[in-house]
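Reproduced below: start-v9.cif, with mmCIF, C-alpha atoms.
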```
data_data
#
loop_
_atom_site.group_PDB
_atom_site.id
_atom_site.type_symbol
_atom_site.label_atom_id
_atom_site.label_comp_id
_atom_site.auth_asym_id
_atom_site.auth_seq_id
_atom_site.Cartn_x
_atom_site.Cartn_y
_atom_site.Cartn_z
ATOM 1 C CA MET A 349 7.282 -0.369 -18.529
ATOM 2 C CA LEU A 350 8.767 -2.934 -16.096
ATOM 3 C CA PHE A 351 7.279 -3.466 -12.652
ATOM 4 C CA TYR A 352 9.153 -5.252 -9.860
ATOM 5 C CA ASP A 353 6.599 -6.663 -7.475
ATOM 6 C CA TYR A 354 5.949 -9.046 -4.572
ATOM 7 C CA PHE A 355 2.448 -10.333 -3.984
ATOM 8 C CA ARG A 356 2.353 -9.627 -0.238
ATOM 9 C CA SER A 357 4.028 -6.212 -0.287
ATOM 10 C CA SER A 358 1.625 -3.462 0.790
ATOM 11 C CA ALA A 359 3.668 -0.902 -1.112
ATOM 12 C CA ALA A 360 3.520 -2.939 -4.314
ATOM 13 C CA PHE A 361 -0.211 -3.500 -3.716
ATOM 14 C CA ARG A 362 -0.687 0.297 -3.845
ATOM 15 C CA VAL A 363 1.003 0.515 -7.214
ATOM 16 C CA ARG A 364 -0.933 -2.468 -8.579
ATOM 17 C CA ILE A 365 -4.163 -0.641 -7.734
ATOM 18 C CA ALA A 366 -2.955 2.515 -9.484
ATOM 19 C CA LEU A 367 -1.870 0.556 -12.564
ATOM 20 C CA ASN A 368 -5.269 -1.113 -12.724
ATOM 21 C CA LEU A 369 -7.123 2.166 -12.324
ATOM 22 C CA LYS A 370 -5.056 3.607 -15.174
ATOM 23 C CA GLY A 371 -5.556 0.542 -17.360
ATOM 24 C CA LEU A 372 -1.801 -0.119 -17.572
ATOM 25 C CA THR A 373 -0.266 -3.597 -17.911
ATOM 26 C CA PRO A 374 3.506 -3.467 -17.407
ATOM 27 C CA GLU A 375 5.848 -6.401 -17.790
ATOM 28 C CA ARG A 376 6.153 -7.824 -14.294
ATOM 29 C CA HIS A 377 9.130 -9.241 -12.449
ATOM 30 C CA PHE A 378 8.679 -10.847 -9.045
ATOM 31 C CA VAL A 379 11.085 -10.266 -6.156
ATOM 32 C CA HIS A 380 10.570 -12.808 -3.370
ATOM 33 C CA LEU A 381 11.141 -10.913 -0.128
ATOM 34 C CA ARG A 382 11.180 -13.988 2.117
ATOM 35 C CA HIS A 383 13.928 -15.483 -0.057
ATOM 36 C CA ASN A 384 15.907 -12.210 0.184
ATOM 37 C CA GLU A 385 15.880 -11.698 -3.581
ATOM 38 C CA GLN A 386 15.677 -7.960 -2.848
ATOM 39 C CA ARG A 387 19.276 -8.194 -1.565
ATOM 40 C CA ALA A 388 20.631 -9.769 -4.761
ATOM 41 C CA PRO A 389 23.402 -7.595 -6.302
ATOM 42 C CA ASP A 390 21.556 -7.113 -9.587
ATOM 43 C CA TYR A 391 18.416 -5.937 -7.826
ATOM 44 C CA LEU A 392 20.366 -3.632 -5.503
ATOM 45 C CA LYS A 393 21.823 -1.936 -8.581
ATOM 46 C CA LEU A 394 18.261 -1.239 -9.640
ATOM 47 C CA ASN A 395 16.919 -0.277 -6.204
ATOM 48 C CA PRO A 396 19.719 0.464 -3.701
ATOM 49 C CA GLN A 397 17.240 0.318 -0.803
ATOM 50 C CA GLY A 398 16.499 -3.310 -1.563
ATOM 51 C CA LEU A 399 12.751 -2.727 -1.464
ATOM 52 C CA VAL A 400 9.755 -3.240 -3.709
ATOM 53 C CA PRO A 401 8.155 -1.860 -5.735
ATOM 54 C CA THR A 402 10.391 -0.577 -8.501
ATOM 55 C CA LEU A 403 9.096 0.760 -11.811
ATOM 56 C CA VAL A 404 11.332 1.181 -14.878
ATOM 57 C CA GLU A 405 10.169 3.146 -17.894
ATOM 58 C CA ASP A 406 12.033 4.866 -20.731
ATOM 59 C CA GLY A 407 15.387 4.397 -19.005
ATOM 60 C CA ALA A 408 14.212 5.897 -15.694
ATOM 61 C CA THR A 409 14.098 3.821 -12.515
ATOM 62 C CA LEU A 410 11.452 4.871 -10.008
ATOM 63 C CA THR A 411 11.195 3.732 -6.390
ATOM 64 C CA GLN A 412 8.891 4.390 -3.418
ATOM 65 C CA SER A 413 5.231 3.591 -3.968
ATOM 66 C CA LEU A 414 3.757 7.054 -3.418
ATOM 67 C CA ALA A 415 6.254 8.601 -5.824
ATOM 68 C CA ILE A 416 5.464 5.908 -8.393
ATOM 69 C CA VAL A 417 1.698 6.424 -8.072
ATOM 70 C CA GLU A 418 2.075 10.192 -8.494
ATOM 71 C CA TYR A 419 4.329 9.609 -11.525
ATOM 72 C CA LEU A 420 1.696 7.356 -13.076
ATOM 73 C CA ASP A 421 -0.934 10.004 -12.371
ATOM 74 C CA GLU A 422 1.108 12.680 -14.125
ATOM 75 C CA MET A 423 1.984 10.523 -17.126
ATOM 76 C CA HIS A 424 -1.490 8.989 -17.458
ATOM 77 C CA PRO A 425 -3.848 11.652 -16.091
ATOM 78 C CA GLU A 426 -7.140 9.779 -16.590
ATOM 79 C CA PRO A 427 -8.707 8.935 -14.273
ATOM 80 C CA PRO A 428 -7.029 11.400 -11.903
ATOM 81 C CA LEU A 429 -5.815 10.102 -8.542
ATOM 82 C CA LEU A 430 -5.373 13.561 -7.030
ATOM 83 C CA PRO A 431 -8.054 16.269 -6.748
ATOM 84 C CA ALA A 432 -7.949 19.347 -8.943
ATOM 85 C CA ASP A 433 -7.772 21.762 -5.994
ATOM 86 C CA ALA A 434 -4.742 22.353 -3.762
ATOM 87 C CA LYS A 435 -6.588 21.766 -0.491
ATOM 88 C CA GLY A 436 -8.013 18.522 -1.798
ATOM 89 C CA ARG A 437 -4.586 17.327 -2.937
ATOM 90 C CA ALA A 438 -3.143 18.165 0.476
ATOM 91 C CA ARG A 439 -5.907 16.206 2.223
ATOM 92 C CA VAL A 440 -5.461 13.157 -0.010
ATOM 93 C CA ARG A 441 -1.696 13.203 0.481
ATOM 94 C CA ALA A 442 -2.125 13.559 4.250
ATOM 95 C CA ILE A 443 -4.336 10.466 4.425
ATOM 96 C CA ALA A 444 -1.967 8.528 2.175
ATOM 97 C CA GLN A 445 1.079 9.532 4.204
ATOM 98 C CA ALA A 446 -0.645 8.784 7.520
ATOM 99 C CA ILE A 447 -0.787 5.195 6.298
ATOM 100 C CA ALA A 448 2.349 4.856 4.179
ATOM 101 C CA CYS A 449 4.665 6.829 6.468
ATOM 102 C CA GLU A 450 3.207 6.221 9.942
ATOM 103 C CA ILE A 451 1.540 2.786 10.064
ATOM 104 C CA HIS A 452 3.178 0.663 7.386
ATOM 105 C CA PRO A 453 6.922 1.207 8.020
ATOM 106 C CA ILE A 454 6.889 -0.085 11.597
ATOM 107 C CA ASN A 455 4.811 -3.144 10.705
ATOM 108 C CA ASN A 456 6.447 -4.368 7.512
ATOM 109 C CA LEU A 457 8.220 -7.688 7.039
ATOM 110 C CA ARG A 458 11.746 -6.565 7.861
ATOM 111 C CA ILE A 459 10.629 -5.009 11.161
ATOM 112 C CA LEU A 460 8.694 -8.129 12.163
ATOM 113 C CA ASN A 461 11.710 -10.260 11.261
ATOM 114 C CA TYR A 462 13.986 -8.016 13.327
ATOM 115 C CA LEU A 463 11.702 -8.348 16.348
ATOM 116 C CA ALA A 464 12.058 -12.110 16.034
ATOM 117 C CA ASP A 465 15.803 -12.187 15.360
ATOM 118 C CA ALA A 466 16.971 -9.503 17.797
ATOM 119 C CA PHE A 467 14.471 -9.938 20.623
ATOM 120 C CA GLY A 468 13.230 -13.488 20.192
ATOM 121 C CA LEU A 469 9.580 -12.512 19.914
ATOM 122 C CA ASP A 470 7.362 -15.369 18.777
ATOM 123 C CA PRO A 471 4.755 -14.838 16.021
ATOM 124 C CA GLU A 472 1.812 -14.395 18.404
ATOM 125 C CA THR A 473 3.654 -11.833 20.542
ATOM 126 C CA ARG A 474 4.691 -9.917 17.450
ATOM 127 C CA ALA A 475 1.099 -9.915 16.220
ATOM 128 C CA GLU A 476 -0.579 -9.087 19.544
ATOM 129 C CA LYS A 477 1.906 -6.757 21.232
ATOM 130 C CA TRP A 478 3.341 -5.059 18.171
ATOM 131 C CA TYR A 479 1.373 -5.310 14.929
ATOM 132 C CA ARG A 480 -2.143 -4.973 16.323
ATOM 133 C CA HIS A 481 -1.093 -2.207 18.717
ATOM 134 C CA TRP A 482 0.322 -0.005 15.968
ATOM 135 C CA VAL A 483 -2.539 -0.741 13.590
ATOM 136 C CA ALA A 484 -5.050 0.304 16.251
ATOM 137 C CA GLU A 485 -3.186 3.516 17.011
ATOM 138 C CA GLY A 486 -2.602 4.372 13.363
ATOM 139 C CA VAL A 487 -5.993 3.490 11.913
ATOM 140 C CA ALA A 488 -7.711 5.395 14.723
ATOM 141 C CA GLY A 489 -5.952 8.502 13.448
ATOM 142 C CA VAL A 490 -6.918 7.748 9.856
ATOM 143 C CA GLU A 491 -10.528 7.250 10.966
ATOM 144 C CA GLY A 492 -10.408 10.744 12.453
ATOM 145 C CA LEU A 493 -9.118 12.162 9.176
ATOM 146 C CA LEU A 494 -11.879 10.398 7.276
ATOM 147 C CA ALA A 495 -14.507 11.755 9.670
ATOM 148 C CA ALA A 496 -13.710 15.303 8.509
ATOM 149 C CA ALA A 497 -15.476 16.981 5.613
ATOM 150 C CA GLY A 498 -14.391 15.740 2.209
ATOM 151 C CA THR A 499 -14.912 12.002 2.558
ATOM 152 C CA GLY A 500 -17.483 10.572 0.186
ATOM 153 C CA ARG A 501 -17.849 7.048 -1.114
ATOM 154 C CA PHE A 502 -14.062 6.957 -1.156
ATOM 155 C CA CYS A 503 -11.426 8.562 1.076
ATOM 156 C CA HIS A 504 -11.927 11.883 -0.694
ATOM 157 C CA GLY A 505 -15.066 12.437 -2.706
ATOM 158 C CA ASP A 506 -16.739 9.851 -4.888
ATOM 159 C CA ALA A 507 -13.819 8.580 -6.970
ATOM 160 C CA PRO A 508 -10.667 6.672 -5.968
ATOM 161 C CA THR A 509 -7.570 8.683 -5.143
ATOM 162 C CA LEU A 510 -4.018 8.141 -3.949
ATOM 163 C CA ALA A 511 -5.458 7.831 -0.438
ATOM 164 C CA ASP A 512 -7.529 4.786 -1.386
ATOM 165 C CA THR A 513 -4.513 3.062 -2.930
ATOM 166 C CA CYS A 514 -2.947 3.239 0.553
ATOM 167 C CA LEU A 515 -5.997 2.499 2.681
ATOM 168 C CA VAL A 516 -6.938 -0.760 0.969
ATOM 169 C CA PRO A 517 -3.610 -2.614 1.432
ATOM 170 C CA GLN A 518 -3.410 -1.459 5.054
ATOM 171 C CA ILE A 519 -6.901 -2.717 5.913
ATOM 172 C CA PHE A 520 -6.302 -5.907 3.928
ATOM 173 C CA ASN A 521 -3.179 -6.681 5.969
ATOM 174 C CA ALA A 522 -4.860 -5.704 9.234
ATOM 175 C CA GLN A 523 -7.515 -8.311 8.513
ATOM 176 C CA ARG A 524 -4.807 -10.893 7.735
ATOM 177 C CA PHE A 525 -3.381 -10.280 11.218
ATOM 178 C CA ASP A 526 -6.856 -10.511 12.792
ATOM 179 C CA CYS A 527 -6.841 -6.903 13.957
ATOM 180 C CA PRO A 528 -10.209 -5.801 15.388
ATOM 181 C CA MET A 529 -11.650 -3.256 12.948
ATOM 182 C CA ASP A 530 -15.121 -2.518 14.371
ATOM 183 C CA ALA A 531 -13.940 0.810 15.787
ATOM 184 C CA TYR A 532 -13.259 2.190 12.299
ATOM 185 C CA PRO A 533 -16.605 2.189 10.471
ATOM 186 C CA ILE A 534 -15.706 4.902 7.953
ATOM 187 C CA ALA A 535 -12.422 3.277 6.972
ATOM 188 C CA MET A 536 -14.154 -0.092 6.627
ATOM 189 C CA ARG A 537 -16.984 1.379 4.555
ATOM 190 C CA VAL A 538 -14.483 2.948 2.165
ATOM 191 C CA PHE A 539 -12.489 -0.294 2.048
ATOM 192 C CA GLU A 540 -15.574 -2.287 1.103
ATOM 193 C CA THR A 541 -16.522 0.286 -1.550
ATOM 194 C CA CYS A 542 -13.048 -0.015 -3.048
ATOM 195 C CA MET A 543 -12.947 -3.804 -2.963
ATOM 196 C CA ALA A 544 -16.232 -3.960 -4.853
ATOM 197 C CA ARG A 545 -14.335 -2.558 -7.839
ATOM 198 C CA GLU A 546 -12.333 -4.970 -9.980
ATOM 199 C CA GLU A 547 -9.334 -2.623 -10.142
ATOM 200 C CA PHE A 548 -8.864 -3.035 -6.394
ATOM 201 C CA ALA A 549 -9.936 -6.677 -6.122
ATOM 202 C CA ALA A 550 -7.578 -7.741 -8.916
ATOM 203 C CA ALA A 551 -4.647 -6.129 -7.091
ATOM 204 C CA GLN A 552 -5.046 -8.154 -3.904
ATOM 205 C CA PRO A 553 -2.241 -10.597 -3.020
ATOM 206 C CA SER A 554 -4.137 -13.828 -3.648
ATOM 207 C CA ARG A 555 -4.753 -12.895 -7.277
ATOM 208 C CA GLN A 556 -1.103 -12.280 -8.181
ATOM 209 C CA PRO A 557 0.904 -14.744 -10.306
ATOM 210 C CA ASP A 558 3.498 -15.153 -7.537
ATOM 211 C CA ALA A 559 0.918 -15.686 -4.770
ATOM 212 C CA GLU A 560 1.614 -18.323 -2.142
ATOM 213 C CA ALA A 561 -0.532 -19.749 0.637
#
```
Show the structure stored in the file as structure tokens.
Amino acid sequence: MLFYDYFRSSAAFRVRIALNLKGLTPERHFVHLRHNEQRAPDYLKLNPQGLVPTLVEDGATLTQSLAIVEYLDEMHPEPPLLPADAKGRARVRAIAQAIACEIHPINNLRILNYLADAFGLDPETRAEKWYRHWVAEGVAGVEGLLAAAGTGRFCHGDAPTLADTCLVPQIFNAQRFDCPMDAYPIAMRVFETCMAREEFAAAQPSRQPDAEA
């Protein structure tokens, strides 16, 4: 198993959590996004989108973090990251997708870089007028989902699921951008519960071999 990673990637962070929860230790390769290593010809052959993460196992190349986490859950079913019941699985996937498909894509590095390059927005304007705005709007929706029946110590019930692998990187990055989080007490409670576990704490950016200040 080969894992192509970047310490600050939220998507890679999700997969690192899942790998830790499953007790898996792949061989890791680091793709420096700020140095545009994701656009190198050899990497584009592996992942034509030029994104991380990428997982390679038994001749198969897997991309997109949610697909990779579900693959890991199918191949290594203990502990399960999706509930046994269909309604529970739908709820967990909805929370995960609310983060991975609605909040993260418009706030990732290439979007922030484009705002600077195409519109000349300085770092503080990008953080205040763009990043924090979309975090507030998106996490408010996630907080509403978590307020519904089904949330326990974690996003769904009392064990980590796919939803938690998405929530933790999003909250972690929101804190890095100094986003006010007091309005989301359920999300923050779940985040703190997750980060108290070594599988989550060990996946955070500062603890990765390629971490930078």
(Q) Using the chain letters and numbers from this file, what does the PyMOL selection byres ((chain A and resi 490-504) around 9) select? Give the answer as number ranges by chain. (A) A: 431, 436, 439-440, 442-443, 446-447, 486-489, 505-512, 515, 531-535, 537-539, 541-542
**Q.** Interatomic distance, CA of Pro528 (chain A) to CA of Asp558 (chain A) (Å, one decimal)
**A.**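 Calculated distance between CA of Pro528 (chain A) and CA of Asp558 (chain A) is 28.3 Å.
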Q | Pick from A:Ala438, A:Leu457, A:Ala432, A:Leu350 nearest to Arg382 (chain A), counting all atoms listed in the file | A |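 The closest residue to Arg382 (chain A) is A:Leu457.
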Q | Given the PyMOL selection byres ((chain A and resi 352) around 7), the residues it picks as a PyMOL selection string | A | chain A and resi 350-351+353+376-379+400-403
Q | Among the residues A:Pro453, A:Gly371, A:Pro396, A:Pro471, the one that comes closest to Ser357 (chain A) [using only C-alpha atoms] | A |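 Nearest to Ser357 (chain A): A:Pro453.
Pairwise distance (CA of Glu375 (chain A), CA of Pro389 (chain A)) equals 21.0 Å.
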Using the chain letters and residue numbers of this document, give as an mmCIF file with C-alpha atoms, keeping the file's coordinate frame the residues selected by the PyMOL selection byres ((chain A and resi 547) around 7).
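Wrote result_36.cif, looks like this:
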```cif
data_model
loop_
_atom_site.group_PDB
_atom_site.id
_atom_site.type_symbol
_atom_site.label_atom_id
_atom_site.label_comp_id
_atom_site.auth_asym_id
_atom_site.auth_seq_id
_atom_site.Cartn_x
_atom_site.Cartn_y
_atom_site.Cartn_z
ATOM 1 C CA ILE A 365 -4.163 -0.641 -7.734
ATOM 2 C CA ASN A 368 -5.269 -1.113 -12.724
ATOM 3 C CA LEU A 369 -7.123 2.166 -12.324
ATOM 4 C CA ARG A 545 -14.335 -2.558 -7.839
ATOM 5 C CA GLU A 546 -12.333 -4.970 -9.980
ATOM 6 C CA PHE A 548 -8.864 -3.035 -6.394
ATOM 7 C CA ALA A 549 -9.936 -6.677 -6.122
ATOM 8 C CA ALA A 550 -7.578 -7.741 -8.916
ATOM 9 C CA ALA A 551 -4.647 -6.129 -7.091
#
```
Only N, CA and C atoms, as a PDB file, in the first residue's frame: that is what I want for region 380-412 of chain A.
```
ATOM      1  N   HIS A 380       4.440  17.940  -2.373  1.00  0.00           N
ATOM      2  CA  HIS A 380       4.411  19.301  -1.837  1.00  0.00           C
ATOM      3  C   HIS A 380       3.544  20.180  -2.743  1.00  0.00           C
ATOM      4  N   LEU A 381       2.363  20.545  -2.241  1.00  0.00           N
ATOM      5  CA  LEU A 381       1.418  21.291  -3.066  1.00  0.00           C
ATOM      6  C   LEU A 381       1.890  22.710  -3.354  1.00  0.00           C
ATOM      7  N   ARG A 382       2.563  23.343  -2.410  1.00  0.00           N
ATOM      8  CA  ARG A 382       3.027  24.715  -2.640  1.00  0.00           C
ATOM      9  C   ARG A 382       4.191  24.773  -3.623  1.00  0.00           C
ATOM     10  N   HIS A 383       4.867  23.649  -3.826  1.00  0.00           N
ATOM     11  CA  HIS A 383       5.935  23.567  -4.818  1.00  0.00           C
ATOM     12  C   HIS A 383       5.433  22.995  -6.144  1.00  0.00           C
ATOM     13  N   ASN A 384       4.118  22.799  -6.234  1.00  0.00           N
ATOM     14  CA  ASN A 384       3.465  22.297  -7.458  1.00  0.00           C
ATOM     15  C   ASN A 384       3.936  20.899  -7.865  1.00  0.00           C
ATOM     16  N   GLU A 385       4.355  20.097  -6.886  1.00  0.00           N
ATOM     17  CA  GLU A 385       4.759  18.732  -7.224  1.00  0.00           C
ATOM     18  C   GLU A 385       3.591  17.896  -7.716  1.00  0.00           C
ATOM     19  N   GLN A 386       2.360  18.323  -7.398  1.00  0.00           N
ATOM     20  CA  GLN A 386       1.169  17.622  -7.880  1.00  0.00           C
ATOM     21  C   GLN A 386       0.972  17.784  -9.386  1.00  0.00           C
ATOM     22  N   ARG A 387       1.690  18.737  -9.997  1.00  0.00           N
ATOM     23  CA  ARG A 387       1.592  18.958 -11.442  1.00  0.00           C
ATOM     24  C   ARG A 387       2.742  18.296 -12.205  1.00  0.00           C
ATOM     25  N   ALA A 388       3.624  17.609 -11.499  1.00  0.00           N
ATOM     26  CA  ALA A 388       4.725  16.910 -12.160  1.00  0.00           C
ATOM     27  C   ALA A 388       4.159  15.809 -13.060  1.00  0.00           C
ATOM     28  N   PRO A 389       4.742  15.597 -14.246  1.00  0.00           N
ATOM     29  CA  PRO A 389       4.200  14.602 -15.190  1.00  0.00           C
ATOM     30  C   PRO A 389       4.032  13.216 -14.579  1.00  0.00           C
ATOM     31  N   ASP A 390       4.999  12.767 -13.797  1.00  0.00           N
ATOM     32  CA  ASP A 390       4.885  11.427 -13.219  1.00  0.00           C
ATOM     33  C   ASP A 390       3.711  11.335 -12.257  1.00  0.00           C
ATOM     34  N   TYR A 391       3.481  12.407 -11.483  1.00  0.00           N
ATOM     35  CA  TYR A 391       2.352  12.350 -10.558  1.00  0.00           C
ATOM     36  C   TYR A 391       1.021  12.454 -11.299  1.00  0.00           C
ATOM     37  N   LEU A 392       0.980  13.251 -12.370  1.00  0.00           N
ATOM     38  CA  LEU A 392      -0.256  13.371 -13.140  1.00  0.00           C
ATOM     39  C   LEU A 392      -0.621  12.051 -13.816  1.00  0.00           C
ATOM     40  N   LYS A 393       0.354  11.231 -14.134  1.00  0.00           N
ATOM     41  CA  LYS A 393       0.042   9.896 -14.660  1.00  0.00           C
ATOM     42  C   LYS A 393      -0.662   9.065 -13.603  1.00  0.00           C
ATOM     43  N   LEU A 394      -0.283   9.287 -12.365  1.00  0.00           N
ATOM     44  CA  LEU A 394      -0.874   8.542 -11.251  1.00  0.00           C
ATOM     45  C   LEU A 394      -2.244   9.094 -10.899  1.00  0.00           C
ATOM     46  N   ASN A 395      -2.339  10.417 -10.799  1.00  0.00           N
ATOM     47  CA  ASN A 395      -3.590  11.091 -10.435  1.00  0.00           C
ATOM     48  C   ASN A 395      -3.804  12.234 -11.417  1.00  0.00           C
ATOM     49  N   PRO A 396      -4.581  12.010 -12.490  1.00  0.00           N
ATOM     50  CA  PRO A 396      -4.747  13.025 -13.529  1.00  0.00           C
ATOM     51  C   PRO A 396      -5.339  14.343 -13.041  1.00  0.00           C
ATOM     52  N   GLN A 397      -6.003  14.342 -11.878  1.00  0.00           N
ATOM     53  CA  GLN A 397      -6.521  15.589 -11.327  1.00  0.00           C
ATOM     54  C   GLN A 397      -5.427  16.449 -10.707  1.00  0.00           C
ATOM     55  N   GLY A 398      -4.280  15.854 -10.437  1.00  0.00           N
ATOM     56  CA  GLY A 398      -3.227  16.599  -9.773  1.00  0.00           C
ATOM     57  C   GLY A 398      -3.585  16.990  -8.362  1.00  0.00           C
ATOM     58  N   LEU A 399      -4.182  16.072  -7.625  1.00  0.00           N
ATOM     59  CA  LEU A 399      -4.620  16.316  -6.256  1.00  0.00           C
ATOM     60  C   LEU A 399      -4.036  15.256  -5.334  1.00  0.00           C
ATOM     61  N   VAL A 400      -4.072  15.517  -4.053  1.00  0.00           N
ATOM     62  CA  VAL A 400      -3.823  14.496  -3.042  1.00  0.00           C
ATOM     63  C   VAL A 400      -5.105  14.359  -2.216  1.00  0.00           C
ATOM     64  N   PRO A 401      -5.311  13.183  -1.659  1.00  0.00           N
ATOM     65  CA  PRO A 401      -4.432  12.019  -1.606  1.00  0.00           C
ATOM     66  C   PRO A 401      -4.619  11.080  -2.794  1.00  0.00           C
ATOM     67  N   THR A 402      -3.647  10.172  -2.918  1.00  0.00           N
ATOM     68  CA  THR A 402      -3.749   9.033  -3.823  1.00  0.00           C
ATOM     69  C   THR A 402      -3.305   7.811  -3.042  1.00  0.00           C
ATOM     70  N   LEU A 403      -4.023   6.712  -3.210  1.00  0.00           N
ATOM     71  CA  LEU A 403      -3.661   5.450  -2.568  1.00  0.00           C
ATOM     72  C   LEU A 403      -3.477   4.403  -3.663  1.00  0.00           C
ATOM     73  N   VAL A 404      -2.376   3.662  -3.606  1.00  0.00           N
ATOM     74  CA  VAL A 404      -2.098   2.604  -4.578  1.00  0.00           C
ATOM     75  C   VAL A 404      -1.964   1.295  -3.821  1.00  0.00           C
ATOM     76  N   GLU A 405      -2.733   0.307  -4.249  1.00  0.00           N
ATOM     77  CA  GLU A 405      -2.655  -1.011  -3.609  1.00  0.00           C
ATOM     78  C   GLU A 405      -2.991  -2.083  -4.628  1.00  0.00           C
ATOM     79  N   ASP A 406      -2.167  -3.118  -4.677  1.00  0.00           N
ATOM     80  CA  ASP A 406      -2.397  -4.274  -5.550  1.00  0.00           C
ATOM     81  C   ASP A 406      -2.661  -3.854  -6.995  1.00  0.00           C
ATOM     82  N   GLY A 407      -1.908  -2.871  -7.479  1.00  0.00           N
ATOM     83  CA  GLY A 407      -2.032  -2.443  -8.861  1.00  0.00           C
ATOM     84  C   GLY A 407      -3.170  -1.491  -9.145  1.00  0.00           C
ATOM     85  N   ALA A 408      -3.993  -1.182  -8.133  1.00  0.00           N
ATOM     86  CA  ALA A 408      -5.115  -0.253  -8.312  1.00  0.00           C
ATOM     87  C   ALA A 408      -4.740   1.109  -7.736  1.00  0.00           C
ATOM     88  N   THR A 409      -5.082   2.159  -8.472  1.00  0.00           N
ATOM     89  CA  THR A 409      -4.828   3.525  -8.028  1.00  0.00           C
ATOM     90  C   THR A 409      -6.149   4.164  -7.654  1.00  0.00           C
ATOM     91  N   LEU A 410      -6.247   4.620  -6.418  1.00  0.00           N
ATOM     92  CA  LEU A 410      -7.485   5.178  -5.884  1.00  0.00           C
ATOM     93  C   LEU A 410      -7.287   6.653  -5.585  1.00  0.00           C
ATOM     94  N   THR A 411      -8.267   7.467  -5.956  1.00  0.00           N
ATOM     95  CA  THR A 411      -8.237   8.899  -5.696  1.00  0.00           C
ATOM     96  C   THR A 411      -9.530   9.303  -4.994  1.00  0.00           C
ATOM     97  N   GLN A 412      -9.568  10.563  -4.553  1.00  0.00           N
ATOM     98  CA  GLN A 412     -10.695  11.155  -3.841  1.00  0.00           C
ATOM     99  C   GLN A 412     -10.824  10.548  -2.435  1.00  0.00           C
TER     100      GLN A 412
END
```
